[in-house]
>>> print(open('data-v7.cif').read())   # mmCIF, C-alpha atoms and all ligand atoms
data_query
loop_
_atom_site.label_atom_id
_atom_site.label_comp_id
_atom_site.auth_asym_id
_atom_site.auth_seq_id
_atom_site.Cartn_x
_atom_site.Cartn_y
_atom_site.Cartn_z
CA MET A 816 179.39 119.92 280.28
CA SER A 817 178.69 121.36 283.71
CA LYS A 818 179.98 119.75 286.84
CA TYR A 819 176.42 118.59 287.53
CA ASP A 820 176.35 116.51 284.34
CA ASP A 821 179.36 114.66 285.73
CA LEU A 822 177.85 114.46 289.17
CA PHE A 823 174.58 112.93 287.99
CA ASP A 824 176.40 110.61 285.58
CA GLU A 825 178.65 109.37 288.31
CA THR A 826 175.84 108.74 290.76
CA ALA A 827 173.38 107.27 288.24
CA PRO A 828 172.40 103.67 289.02
CA GLY A 829 174.29 101.72 286.39
CA ASP A 830 173.96 98.00 286.84
CA SER A 831 172.10 98.36 290.07
CA VAL A 832 171.34 95.36 292.26
CA PHE A 833 167.93 96.93 292.91
CA ALA A 834 164.77 96.33 290.90
CA ASP A 835 162.40 98.23 293.22
CA LYS A 836 164.21 99.84 296.11
CA ALA A 837 160.99 101.31 297.54
CA ALA A 838 160.11 97.81 298.76
CA LEU A 839 162.78 98.37 301.41
CA ASP A 840 161.31 101.57 302.75
CA PRO A 841 160.22 100.76 306.31
CA LEU A 842 157.54 103.44 306.11
CA ALA A 843 155.80 101.71 303.22
CA ALA A 844 152.98 99.53 304.52
CA PRO A 845 153.41 95.90 303.46
CA ALA A 846 150.54 94.18 301.64
CA ASP A 847 150.32 91.48 304.29
CA ILE A 848 151.23 91.30 307.91
CA VAL A 849 153.14 88.13 308.65
CA ALA A 850 154.59 86.44 311.73
CA ARG A 851 152.24 88.19 314.17
CA ASP A 852 149.43 85.61 314.21
CA THR A 853 149.22 85.39 318.01
CA GLN A 854 148.93 89.15 318.38
CA GLU A 855 146.40 89.45 315.53
CA ARG A 856 144.28 86.80 317.25
CA GLN A 857 144.48 88.53 320.62
CA LEU A 858 143.51 91.87 319.09
CA ALA A 859 140.63 90.34 317.15
CA GLY A 860 139.44 88.61 320.32
CA LEU A 861 139.37 91.93 322.17
CA LEU A 862 137.51 93.67 319.34
CA ASN A 863 134.96 90.88 319.10
CA GLY A 864 133.90 91.88 322.61
CA VAL A 865 131.72 94.43 320.80
CA HIS A 866 129.34 91.59 319.91
CA GLU A 867 128.92 90.87 323.60
CA GLY A 868 128.58 94.51 324.58
CA TYR A 869 132.04 94.95 326.11
CA LEU A 870 135.33 96.62 325.23
CA PRO A 871 138.00 97.02 327.93
CA SER A 872 138.57 100.61 329.08
CA THR A 873 142.27 100.31 328.18
CA VAL A 874 144.56 97.97 326.30
CA SER A 875 148.32 98.20 326.56
CA ILE A 876 150.06 97.27 323.31
CA TYR A 877 153.71 96.95 324.18
CA GLY A 878 157.08 95.58 323.12
CA PRO A 879 160.46 96.75 321.81
CA PRO A 880 160.81 99.01 318.74
CA GLY A 881 160.17 97.66 315.26
CA THR A 882 158.12 94.66 316.37
CA GLY A 883 155.03 95.58 314.35
CA LYS A 884 152.90 97.02 317.16
CA THR A 885 151.61 100.03 315.24
CA LEU A 886 151.27 98.28 311.91
CA THR A 887 149.42 95.25 313.25
CA THR A 888 147.12 97.06 315.67
CA ARG A 889 146.08 99.68 313.13
CA ARG A 890 145.47 97.10 310.44
CA VAL A 891 143.39 94.75 312.60
CA CYS A 892 141.29 97.61 314.00
CA ARG A 893 140.74 99.08 310.55
CA GLU A 894 139.68 95.75 309.11
CA PHE A 895 137.23 95.31 312.00
CA ALA A 896 135.82 98.81 311.49
CA ALA A 897 135.32 98.05 307.78
CA ARG A 898 133.11 95.13 308.75
CA ILE A 899 131.19 96.45 311.77
CA ASP A 900 129.10 99.61 311.46
CA GLU A 901 128.82 100.27 315.20
CA PHE A 902 132.60 100.35 315.53
CA ALA A 903 135.11 103.10 314.74
CA VAL A 904 138.84 103.46 315.30
CA GLU A 905 140.97 106.60 315.42
CA TYR A 906 144.75 106.57 315.45
CA VAL A 907 146.66 109.45 317.03
CA ASN A 908 150.43 109.76 317.12
CA LEU A 909 151.48 111.97 320.01
CA LYS A 910 155.17 112.18 319.18
CA GLU A 911 155.09 115.94 318.68
CA CYS A 912 153.02 116.55 321.81
CA THR A 913 155.06 117.56 324.80
CA THR A 914 152.13 118.99 326.77
CA LEU A 915 148.88 117.37 327.80
CA PHE A 916 146.97 120.24 326.24
CA SER A 917 148.56 119.57 322.86
CA ALA A 918 147.94 115.82 323.24
CA ALA A 919 144.24 116.37 323.95
CA ASN A 920 144.09 118.80 321.04
CA GLU A 921 145.74 116.25 318.73
CA ILE A 922 143.10 113.69 319.72
CA LEU A 923 140.40 116.27 319.05
CA PHE A 924 141.95 116.95 315.66
CA ALA A 925 141.79 113.24 314.78
CA LEU A 926 138.09 113.20 315.65
CA THR A 927 136.95 116.53 314.21
CA GLY A 928 139.69 117.90 311.97
CA GLU A 929 139.91 120.98 314.20
CA LYS A 930 141.98 122.17 317.14
CA LEU A 931 141.11 124.65 319.88
CA GLY A 932 143.10 127.71 320.91
CA ALA A 933 145.14 127.69 324.11
CA TYR A 934 142.62 129.97 325.84
CA GLU A 935 140.03 127.17 325.80
CA GLY A 936 142.27 125.21 328.19
CA LEU A 937 142.32 121.50 328.80
CA ASP A 938 138.72 121.60 330.07
CA GLY A 939 137.54 123.13 326.81
CA VAL A 940 139.31 120.46 324.75
CA PHE A 941 137.86 117.64 326.83
CA ASP A 942 134.34 119.08 326.47
CA ALA A 943 134.83 119.24 322.71
CA LEU A 944 136.10 115.64 322.74
CA TRP A 945 132.98 114.33 324.44
CA ASP A 946 130.83 116.40 322.05
CA ALA A 947 132.60 114.84 319.09
CA LEU A 948 132.39 111.31 320.46
CA GLU A 949 128.63 111.61 320.89
CA GLY A 950 128.40 111.64 317.11
CA TYR A 951 130.54 108.49 316.85
CA PRO A 952 129.38 104.89 316.48
CA ALA A 953 128.44 103.08 319.68
CA TRP A 954 131.98 101.66 320.09
CA THR A 955 135.16 103.61 319.52
CA VAL A 956 138.79 102.61 319.97
CA LEU A 957 141.27 105.42 320.36
CA LEU A 958 144.78 104.23 319.45
CA LEU A 959 147.38 106.43 321.11
CA ASP A 960 150.96 106.03 319.87
CA GLU A 961 154.14 107.42 321.47
CA ILE A 962 152.23 108.72 324.45
CA ASP A 963 155.28 108.79 326.71
CA ARG A 964 156.13 112.26 325.41
CA ILE A 965 153.45 113.81 327.63
CA LEU A 966 155.42 112.85 330.73
CA GLN A 967 157.50 115.92 330.03
CA ASP A 968 154.62 118.26 330.84
CA SER A 969 155.36 120.02 334.10
CA ASN A 970 151.99 121.82 334.26
CA TYR A 971 149.66 118.86 334.42
CA ASP A 972 149.83 115.40 335.90
CA PRO A 973 149.61 112.66 333.21
CA SER A 974 147.63 110.53 335.65
CA ASP A 975 144.98 113.23 335.82
CA PHE A 976 144.83 113.37 332.07
CA PHE A 977 144.36 109.66 331.84
CA TYR A 978 141.77 109.61 334.57
CA ARG A 979 139.74 112.19 332.70
CA LEU A 980 139.99 110.23 329.48
CA LEU A 981 138.87 107.04 331.20
CA ARG A 982 136.42 108.27 333.81
CA GLY A 983 135.79 111.94 332.96
CA GLU A 984 132.45 113.50 333.98
CA GLY A 985 131.55 114.39 330.40
CA ARG A 986 132.15 110.83 329.33
CA LEU A 987 130.14 109.25 332.14
CA GLN A 988 127.24 111.66 331.75
CA ARG A 989 126.93 110.91 328.09
CA ASP A 990 127.53 107.21 328.43
CA ILE A 991 130.29 107.12 325.83
CA ASN A 992 131.96 103.75 325.12
CA LEU A 993 135.54 104.69 324.54
CA SER A 994 138.33 102.15 324.69
CA VAL A 995 141.82 103.66 324.91
CA TRP A 996 144.60 101.53 323.43
CA VAL A 997 148.09 102.73 324.13
CA ILE A 998 151.04 101.66 321.96
CA SER A 999 154.42 101.93 323.65
CA ASN A 1000 157.63 100.14 324.51
CA GLU A 1001 156.52 99.26 328.00
CA LEU A 1002 153.32 98.31 329.75
CA LEU A 1003 151.01 101.29 330.07
CA GLU A 1004 151.20 101.58 333.86
CA VAL A 1005 154.98 101.33 333.83
CA ASP A 1006 155.47 103.68 330.92
CA LEU A 1007 153.20 106.41 332.19
CA ARG A 1008 153.94 105.83 335.88
CA VAL A 1009 150.23 106.15 336.54
CA ASP A 1010 149.07 106.59 340.14
CA SER A 1011 146.90 104.14 342.05
CA ARG A 1012 143.67 105.98 341.21
CA VAL A 1013 144.25 105.49 337.48
CA ASN A 1014 145.62 102.01 338.01
CA SER A 1015 142.29 100.98 339.45
CA VAL A 1016 140.44 101.95 336.24
CA LEU A 1017 142.88 100.30 333.82
CA SER A 1018 141.62 96.99 332.47
CA ASN A 1019 144.88 95.03 332.69
CA GLU A 1020 144.40 93.94 329.12
CA SER A 1021 147.64 93.84 327.21
CA VAL A 1022 149.11 92.50 324.00
CA PHE A 1023 152.84 91.90 323.95
CA PHE A 1024 154.92 92.10 320.78
CA PRO A 1025 158.22 90.25 321.33
CA PRO A 1026 161.29 90.88 319.16
CA TYR A 1027 161.20 88.85 315.94
CA ASP A 1028 163.17 85.63 315.87
CA ARG A 1029 164.93 84.38 312.79
CA ALA A 1030 161.83 82.74 311.29
CA GLY A 1031 159.77 85.87 311.96
CA LEU A 1032 162.25 88.21 310.33
CA ARG A 1033 162.65 85.87 307.39
CA ALA A 1034 158.88 85.94 306.85
CA VAL A 1035 158.77 89.75 307.10
CA LEU A 1036 161.76 90.28 304.81
CA ALA A 1037 161.33 87.60 302.14
CA PRO A 1038 158.53 89.29 300.14
CA ARG A 1039 160.29 92.65 300.38
CA VAL A 1040 163.74 91.55 299.23
CA ASP A 1041 162.08 89.54 296.47
CA ARG A 1042 160.62 92.72 295.04
CA ALA A 1043 163.54 94.95 295.92
CA PHE A 1044 166.45 93.06 294.33
CA ARG A 1045 167.03 91.88 290.82
CA ASP A 1046 167.14 88.14 290.22
CA GLY A 1047 170.31 86.72 291.67
CA ALA A 1048 171.40 90.02 293.25
CA LEU A 1049 170.83 88.73 296.77
CA PRO A 1050 172.10 85.15 297.06
CA ASP A 1051 170.19 82.91 299.50
CA ALA A 1052 173.20 82.41 301.76
CA VAL A 1053 173.73 86.17 302.04
CA PHE A 1054 170.05 86.71 302.81
CA ALA A 1055 170.19 84.01 305.52
CA HIS A 1056 173.32 85.59 307.00
CA GLY A 1057 171.66 89.03 307.23
CA VAL A 1058 168.45 87.62 308.72
CA SER A 1059 170.38 85.70 311.41
CA ALA A 1060 172.50 88.69 312.32
CA ALA A 1061 169.50 91.05 312.48
CA ALA A 1062 167.55 88.58 314.64
CA ARG A 1063 170.51 88.13 316.97
CA GLN A 1064 171.25 91.83 317.33
CA TRP A 1065 167.84 93.48 317.33
CA GLY A 1066 164.78 91.44 316.39
CA ASP A 1067 163.57 94.74 314.94
CA ALA A 1068 161.87 94.60 311.52
CA ARG A 1069 162.46 98.28 310.75
CA LYS A 1070 166.21 97.97 311.30
CA ALA A 1071 166.36 94.70 309.37
CA VAL A 1072 164.65 96.25 306.34
CA THR A 1073 167.02 99.22 306.49
CA LEU A 1074 170.02 96.91 306.78
CA PHE A 1075 169.21 95.20 303.48
CA ARG A 1076 168.65 98.51 301.74
CA GLN A 1077 171.99 99.85 302.94
CA ALA A 1078 173.80 96.62 302.05
CA GLY A 1079 172.36 96.92 298.54
CA GLU A 1080 173.60 100.51 298.32
CA THR A 1081 177.07 99.39 299.39
CA ALA A 1082 177.05 96.78 296.61
CA VAL A 1083 176.09 99.47 294.07
CA ASP A 1084 178.83 101.82 295.35
CA ARG A 1085 181.39 99.08 294.88
CA GLY A 1086 180.18 98.19 291.40
CA LEU A 1087 179.21 94.65 292.46
CA ASP A 1088 176.44 92.81 290.70
CA ALA A 1089 175.30 91.09 293.88
CA VAL A 1090 175.15 91.85 297.59
CA THR A 1091 177.87 90.07 299.56
CA ARG A 1092 178.28 89.15 303.22
CA ALA A 1093 180.86 91.90 303.53
CA CYS A 1094 178.28 94.49 302.35
CA LEU A 1095 175.96 93.32 305.11
CA ASP A 1096 178.61 93.15 307.84
CA GLU A 1097 179.79 96.65 307.20
CA ASN A 1098 176.28 98.03 307.50
CA LEU A 1099 175.50 95.90 310.53
CA ALA A 1100 178.22 97.77 312.37
CA ALA A 1101 176.97 101.15 311.11
CA THR A 1102 173.34 100.39 312.05
CA GLU A 1103 174.48 99.21 315.46
CA ARG A 1104 176.36 102.47 315.99
CA GLU A 1105 173.33 104.53 315.01
CA ALA A 1106 171.09 102.49 317.30
CA VAL A 1107 173.40 102.91 320.28
CA ILE A 1108 173.84 106.64 319.75
CA GLU A 1109 170.07 107.04 319.45
CA LYS A 1110 169.71 105.22 322.79
CA LEU A 1111 172.38 107.44 324.40
CA LEU A 1112 170.56 110.59 323.30
CA GLN A 1113 167.44 109.42 325.15
CA LEU A 1114 169.26 108.99 328.47
CA PRO A 1115 168.62 111.27 331.45
CA LEU A 1116 171.39 113.80 332.01
CA ASN A 1117 173.13 112.04 334.93
CA HIS A 1118 173.13 108.69 333.18
CA PHE A 1119 174.75 110.26 330.17
CA ARG A 1120 177.29 112.03 332.38
CA VAL A 1121 178.27 108.79 334.07
CA LEU A 1122 178.83 107.24 330.65
CA VAL A 1123 181.00 110.20 329.74
CA GLY A 1124 182.91 109.47 332.96
CA ILE A 1125 183.21 105.77 332.09
CA THR A 1126 184.73 106.61 328.73
CA GLY A 1127 186.69 109.64 329.89
CA TRP A 1128 190.10 108.04 330.40
CA SER A 1129 192.68 107.43 327.74
CA ASP A 1130 195.44 104.83 327.83
CA GLY A 1131 198.66 106.77 328.06
CA GLU A 1132 200.65 105.47 325.09
CA SER A 1133 198.04 104.49 322.57
CA GLY A 1134 195.60 107.32 323.31
CA THR A 1135 192.71 104.85 322.99
CA ILE A 1136 189.87 105.04 325.49
CA LYS A 1137 190.72 103.11 328.61
CA GLN A 1138 188.34 100.27 329.46
CA PRO A 1139 187.45 99.00 332.00
CA VAL A 1140 187.40 101.68 334.69
CA THR A 1141 186.49 101.69 338.39
CA THR A 1142 183.76 103.66 340.19
CA GLY A 1143 186.56 105.76 341.71
CA GLU A 1144 187.86 106.68 338.28
CA ILE A 1145 184.39 107.67 337.11
CA THR A 1146 183.74 109.98 340.07
CA ASP A 1147 187.22 111.37 339.73
CA ARG A 1148 186.61 112.20 336.09
CA LEU A 1149 183.26 113.80 336.84
CA THR A 1150 184.49 115.98 339.68
CA ARG A 1151 187.33 117.31 337.59
CA ALA A 1152 184.93 119.33 335.54
CA ARG A 1153 183.81 122.61 337.03
CA VAL A 1154 180.29 121.64 337.94
CA PRO A 1155 177.82 123.75 339.95
CA ALA A 1156 176.96 122.23 343.34
CA GLU A 1157 173.47 121.12 342.35
CA PHE A 1158 174.93 118.83 339.72
CA HIS A 1159 177.47 117.08 341.97
CA LEU A 1160 177.33 113.31 341.81
CA GLY A 1161 178.69 111.35 344.77
CA ALA A 1162 180.16 107.84 344.63
CA ARG A 1163 176.89 106.33 345.77
CA ALA A 1164 174.84 108.07 343.07
CA VAL A 1165 177.39 106.95 340.49
CA ARG A 1166 177.11 103.34 341.71
CA ASP A 1167 173.30 103.45 341.42
CA ILE A 1168 173.47 104.87 337.93
CA VAL A 1169 176.00 102.24 336.87
CA THR A 1170 173.52 99.60 338.05
CA ASP A 1171 170.80 101.29 335.94
CA LEU A 1172 173.08 101.40 332.92
CA GLU A 1173 173.83 97.73 333.39
CA THR A 1174 170.10 96.93 333.44
CA MET A 1175 169.74 98.86 330.21
CA GLY A 1176 172.46 96.71 328.67
CA LEU A 1177 174.81 99.65 328.12
CA VAL A 1178 177.58 98.61 330.51
CA GLU A 1179 179.03 95.40 331.91
CA THR A 1180 180.56 95.08 335.35
CA TRP A 1181 182.52 92.45 337.22
CA ILE A 1182 184.55 92.26 340.40
CA GLU A 1183 188.30 91.89 340.27
CA SER A 1184 190.36 90.83 343.21
CA ARG A 1185 193.41 93.03 343.76
CA GLY A 1186 195.11 91.11 346.56
CA ARG A 1187 195.71 93.35 349.51
CA ASP A 1188 193.83 96.25 347.92
CA GLY A 1189 190.64 94.23 348.15
CA ARG A 1190 187.99 93.71 345.49
CA VAL A 1191 187.36 96.35 342.90
CA LYS A 1192 184.38 96.69 340.57
CA GLN A 1193 185.36 96.96 336.91
CA ILE A 1194 183.06 98.75 334.49
CA GLU A 1195 183.07 98.96 330.72
CA THR A 1196 180.64 99.78 327.95
CA THR A 1197 179.02 96.94 325.99
CA PHE A 1198 179.62 98.90 322.79
CA GLU A 1199 182.45 100.87 321.18
CA PRO A 1200 183.30 103.50 323.87
CA GLN A 1201 184.10 106.06 321.18
CA TRP A 1202 180.37 106.27 320.41
CA VAL A 1203 179.79 108.08 323.72
CA ARG A 1204 182.18 110.79 322.60
CA GLU A 1205 180.41 110.98 319.27
CA ALA A 1206 177.11 111.45 321.11
CA ILE A 1207 178.35 114.39 323.21
CA ASP A 1208 177.72 117.15 320.68
CA PRO A 1209 174.22 116.02 319.68
CA TYR A 1210 173.39 115.46 323.36
CA ALA A 1211 174.57 118.96 324.27
CA GLU A 1212 172.48 120.41 321.46
CA GLN A 1213 169.25 118.98 322.83
CA SER A 1214 169.96 119.48 326.54
CA ALA A 1215 169.95 122.98 327.99
CA GLU A 1216 171.75 121.84 331.15
CA PHE A 1217 174.50 119.79 329.58
CA ASP A 1218 176.89 122.68 329.06
CA ASP A 1219 176.95 123.25 332.82
CA VAL A 1220 178.26 119.80 333.53
CA LEU A 1221 180.41 119.04 330.53
CA VAL A 1222 183.46 117.00 331.40
CA ASP A 1223 186.24 118.73 329.56
N1 LIG B 1301 154.78 91.60 310.76
C1 LIG B 1301 155.22 92.46 309.85
N2 LIG B 1301 154.98 92.24 308.56
C2 LIG B 1301 155.45 93.11 307.64
N3 LIG B 1301 156.16 94.22 307.92
C3 LIG B 1301 156.44 94.49 309.20
C4 LIG B 1301 155.98 93.62 310.23
N4 LIG B 1301 156.39 94.12 311.41
C5 LIG B 1301 157.06 95.24 311.16
N5 LIG B 1301 157.12 95.48 309.83
C6 LIG B 1301 157.81 96.61 309.19
O1 LIG B 1301 158.51 97.34 310.21
C7 LIG B 1301 158.00 98.69 310.29
C8 LIG B 1301 157.92 99.08 311.75
O2 LIG B 1301 156.83 98.45 312.35
P1 LIG B 1301 155.92 99.21 313.42
O3 LIG B 1301 155.94 100.69 313.18
O4 LIG B 1301 154.62 98.53 313.48
O5 LIG B 1301 156.77 98.90 314.72
P2 LIG B 1301 156.48 99.32 316.20
O6 LIG B 1301 156.57 98.05 317.00
O7 LIG B 1301 155.21 100.09 316.30
O8 LIG B 1301 157.76 100.21 316.48
P3 LIG B 1301 158.01 101.49 317.44
O9 LIG B 1301 157.89 100.99 318.86
O10 LIG B 1301 159.41 101.85 317.10
O11 LIG B 1301 157.00 102.51 317.05
C9 LIG B 1301 156.65 98.64 309.59
O12 LIG B 1301 156.33 99.85 308.96
C10 LIG B 1301 156.85 97.57 308.55
O13 LIG B 1301 157.50 98.13 307.43
#
>>> encode(input="data-v7.cif", output="structure tokens")
Amino acid sequence: MSKYDDLFDETAPGDSVFADKAALDPLAAPADIVARDTQERQLAGLLNGVHEGYLPSTVSIYGPPGTGKTLTTRRVCREFAARIDEFAVEYVNLKECTTLFSAANEILFALTGEKLGAYEGLDGVFDALWDALEGYPAWTVLLLDEIDRILQDSNYDPSDFFYRLLRGEGRLQRDINLSVWVISNELLEVDLRVDSRVNSVLSNESVFFPPYDRAGLRAVLAPRVDRAFRDGALPDAVFAHGVSAAARQWGDARKAVTLFRQAGETAVDRGLDAVTRACLDENLAATEREAVIEKLLQLPLNHFRVLVGITGWSDGESGTIKQPVTTGEITDRLTRARVPAEFHLGARAVRDIVTDLETMGLVETWIESRGRDGRVKQIETTFEPQWVREAIDPYAEQSAEFDDVLVD
């Protein structure tokens, strides 16, 4: 017997709690969309404008992650297109597009199945877009997902790009009815920091997707866990406990689905025939850690540095990370590293960044009175401070400048 026979034997699902684990894959589209009735109605109302000869130039679909924005909007638009011949919808995910040229090309690809070479430039791609849209039904909705990536383009101004898409010559000349729906975490104008010229051509139409509450998550999860687990492998009380915790912590359907899958895997690892509260609690902590680290990796460099400063002190005896700290301690920690002048952060900049971090929910602050020494601001992370240290390596890997400012 080779070692692989043993390996596969050992990891084979014996008495698994799962009946159909794929039901807990957040990428798998559910048969029905539940708990988003208000949003489905709003979207349908907007689309029905077609019957009156009007679609808004833009619609901002916004809300926190995992609240069903993409799923619901795509589904409602697709169902409408299936019923109305003069209407078409195209969905474009721009997550890989860090330049406006590549974003325009990706849109072109969705419409025509082809991309243009770089030598054609942005003008060439826009011309091709209008050409393609001429062959489209009278009304077209372009759904743009994860558009915030294009803010990174230093060659073009995103506002310009948007202005062209909404008011471009080619579009006006050919009288093309294009409605651009942007899916993102924030309102379109906030997310893209559009200038006043673009702001004046946005339609102010928006559909907000709030985090799911307990009832919402229960509705989303119930049909999935029903399929995913064997009879009796997820007791009602354990299900209710997981739903409440997920609603309290995130209100995010994707994370909630993942939580139940991981809890099931923990039960299998431990040879249990049912998922327990402990299986859920353990994974709640792990999912929380992953979510925080993911958030830390998205932070601008100085914000991340200040967090490194906030968690950069150890308590002498125990060696654990000292919390809370003062603004003075943070600046002190940051200036200890050998940092080139252009990266210096003064006390005032640190204070501003701490305020930002507080708004983002990453730190908490309060004022402590120290008698004759006056009042001192105390700062600590709202999560396990060790997670900042765990984020340092992955942050450094993705940031060319981080090595210059690393606090040693
Ligand atoms: N109302 C719902 N009914 C059924 N499943 C849902 C619902 N909402 C979300 N889900 C599940 O959660 C996953 C994530 O949803 P979706 O991609 O629509 O979120 P999102 O709000 O667009 O998130 P992000 O901002 O992170 O892109 C979906 O693929 C689906 O599995």
>>> closest_residue(input="data-v7.cif", among="A:Thr873, A:Thr913, A:Thr1073, A:Ser994", to="ligand LIG 1301 (chain B)", atoms="all atoms listed in the file")
A:Thr1073
>>> closest_residue(input="data-v7.cif", among="A:Gly1143, A:Gly878, A:Pro845, A:Pro1209", to="Val1022 in chain A", atoms="only C-alpha atoms")
A:Gly878
>>> atom_distance(input="data-v7.cif", atom1="CA of Ala1071 in chain A", atom2="CA of Phe1024 in chain A")
16.4 Å
>>> residues_near_ligand(input="data-v7.cif", ligand="ligand LIG 1301 (chain B)", cutoff="7 Å", atoms="all atoms listed in the file", output="list in words")
Asp840, Pro841, Leu842, Ala843, Ala844, Pro845, Asp847, Ile848, Val849, Ala850, Arg851, Gly878, Pro879, Pro880, Gly881, Thr882, Gly883, Lys884, Thr885, Leu886, Thr887, Ser999, Asn1000, Val1035, Ala1068 and Arg1069 of chain A
>>> write_last_selection(input="data-v7.cif", atoms="C-alpha atoms", output="CSV table (one decimal), keeping the file's coordinate frame")
chain,number,residue,atom,x,y,z
A,840,ASP,CA,161.3,101.6,302.8
A,841,PRO,CA,160.2,100.8,306.3
A,842,LEU,CA,157.5,103.4,306.1
A,843,ALA,CA,155.8,101.7,303.2
A,844,ALA,CA,153.0,99.5,304.5
A,845,PRO,CA,153.4,95.9,303.5
A,847,ASP,CA,150.3,91.5,304.3
A,848,ILE,CA,151.2,91.3,307.9
A,849,VAL,CA,153.1,88.1,308.6
A,850,ALA,CA,154.6,86.4,311.7
A,851,ARG,CA,152.2,88.2,314.2
A,878,GLY,CA,157.1,95.6,323.1
A,879,PRO,CA,160.5,96.8,321.8
A,880,PRO,CA,160.8,99.0,318.7
A,881,GLY,CA,160.2,97.7,315.3
A,882,THR,CA,158.1,94.7,316.4
A,883,GLY,CA,155.0,95.6,314.4
A,884,LYS,CA,152.9,97.0,317.2
A,885,THR,CA,151.6,100.0,315.2
A,886,LEU,CA,151.3,98.3,311.9
A,887,THR,CA,149.4,95.2,313.2
A,999,SER,CA,154.4,101.9,323.6
A,1000,ASN,CA,157.6,100.1,324.5
A,1035,VAL,CA,158.8,89.8,307.1
A,1068,ALA,CA,161.9,94.6,311.5
A,1069,ARG,CA,162.5,98.3,310.8
>>> closest_residue(input="data-v7.cif", among="A:Glu911, A:Asp1041, A:Asp1167, A:Glu855", to="Glu894 in chain A", atoms="all atoms listed in the file")
A:Glu855
>>> residues_around(input="data-v7.cif", residues="Lys1192 in chain A", least_positions_apart="6", cutoff="8 Å", atoms="all atoms listed in the file", output="PDB file with C-alpha atoms, in the coordinates of the input")
ATOM      1  CA  THR A1141     186.490 101.690 338.390  1.00  0.00           C
ATOM      2  CA  THR A1142     183.760 103.660 340.190  1.00  0.00           C
ATOM      3  CA  THR A1180     180.560  95.080 335.350  1.00  0.00           C
ATOM      4  CA  TRP A1181     182.520  92.450 337.220  1.00  0.00           C
ATOM      5  CA  ILE A1182     184.550  92.260 340.400  1.00  0.00           C
ATOM      6  CA  GLU A1183     188.300  91.890 340.270  1.00  0.00           C
TER       7      GLU A1183
END
>>> atom_distance(input="data-v7.cif", atom1="CA of Glu961 in chain A", atom2="CA of Val997 in chain A")
8.1 Å
>>> decode(input="data-v7.cif", residues="range 1043-1054 of chain A", atoms="N, CA and C atoms", output="compact mmCIF listing (two decimals), in the first residue's frame")
# COMPACT_ATOMS: atom_id res chain seq x y z
N ALA A 1043 -27.76 20.81 1.90
CA ALA A 1043 -26.35 20.52 2.15
C ALA A 1043 -26.13 19.45 3.23
N PHE A 1044 -26.96 19.46 4.27
CA PHE A 1044 -26.71 18.55 5.40
C PHE A 1044 -27.65 17.36 5.39
N ARG A 1045 -27.15 16.27 5.91
CA ARG A 1045 -28.02 15.10 6.10
C ARG A 1045 -29.08 15.40 7.14
N ASP A 1046 -30.15 14.63 7.12
CA ASP A 1046 -31.21 14.81 8.12
C ASP A 1046 -30.62 14.74 9.51
N GLY A 1047 -30.92 15.73 10.30
CA GLY A 1047 -30.50 15.71 11.71
C GLY A 1047 -29.06 16.15 11.93
N ALA A 1048 -28.31 16.42 10.85
CA ALA A 1048 -26.89 16.77 11.04
C ALA A 1048 -26.68 18.25 11.38
N LEU A 1049 -27.75 19.04 11.24
CA LEU A 1049 -27.65 20.43 11.68
C LEU A 1049 -28.89 20.73 12.53
N PRO A 1050 -28.77 20.54 13.84
CA PRO A 1050 -29.94 20.76 14.71
C PRO A 1050 -30.45 22.21 14.60
N ASP A 1051 -31.76 22.38 14.76
CA ASP A 1051 -32.37 23.71 14.62
C ASP A 1051 -31.70 24.76 15.50
N ALA A 1052 -31.41 24.38 16.74
CA ALA A 1052 -30.85 25.37 17.68
C ALA A 1052 -29.45 25.81 17.20
N VAL A 1053 -28.71 24.88 16.61
CA VAL A 1053 -27.36 25.22 16.13
C VAL A 1053 -27.49 26.13 14.90
N PHE A 1054 -28.44 25.81 14.04
CA PHE A 1054 -28.68 26.66 12.86
C PHE A 1054 -29.03 28.08 13.32
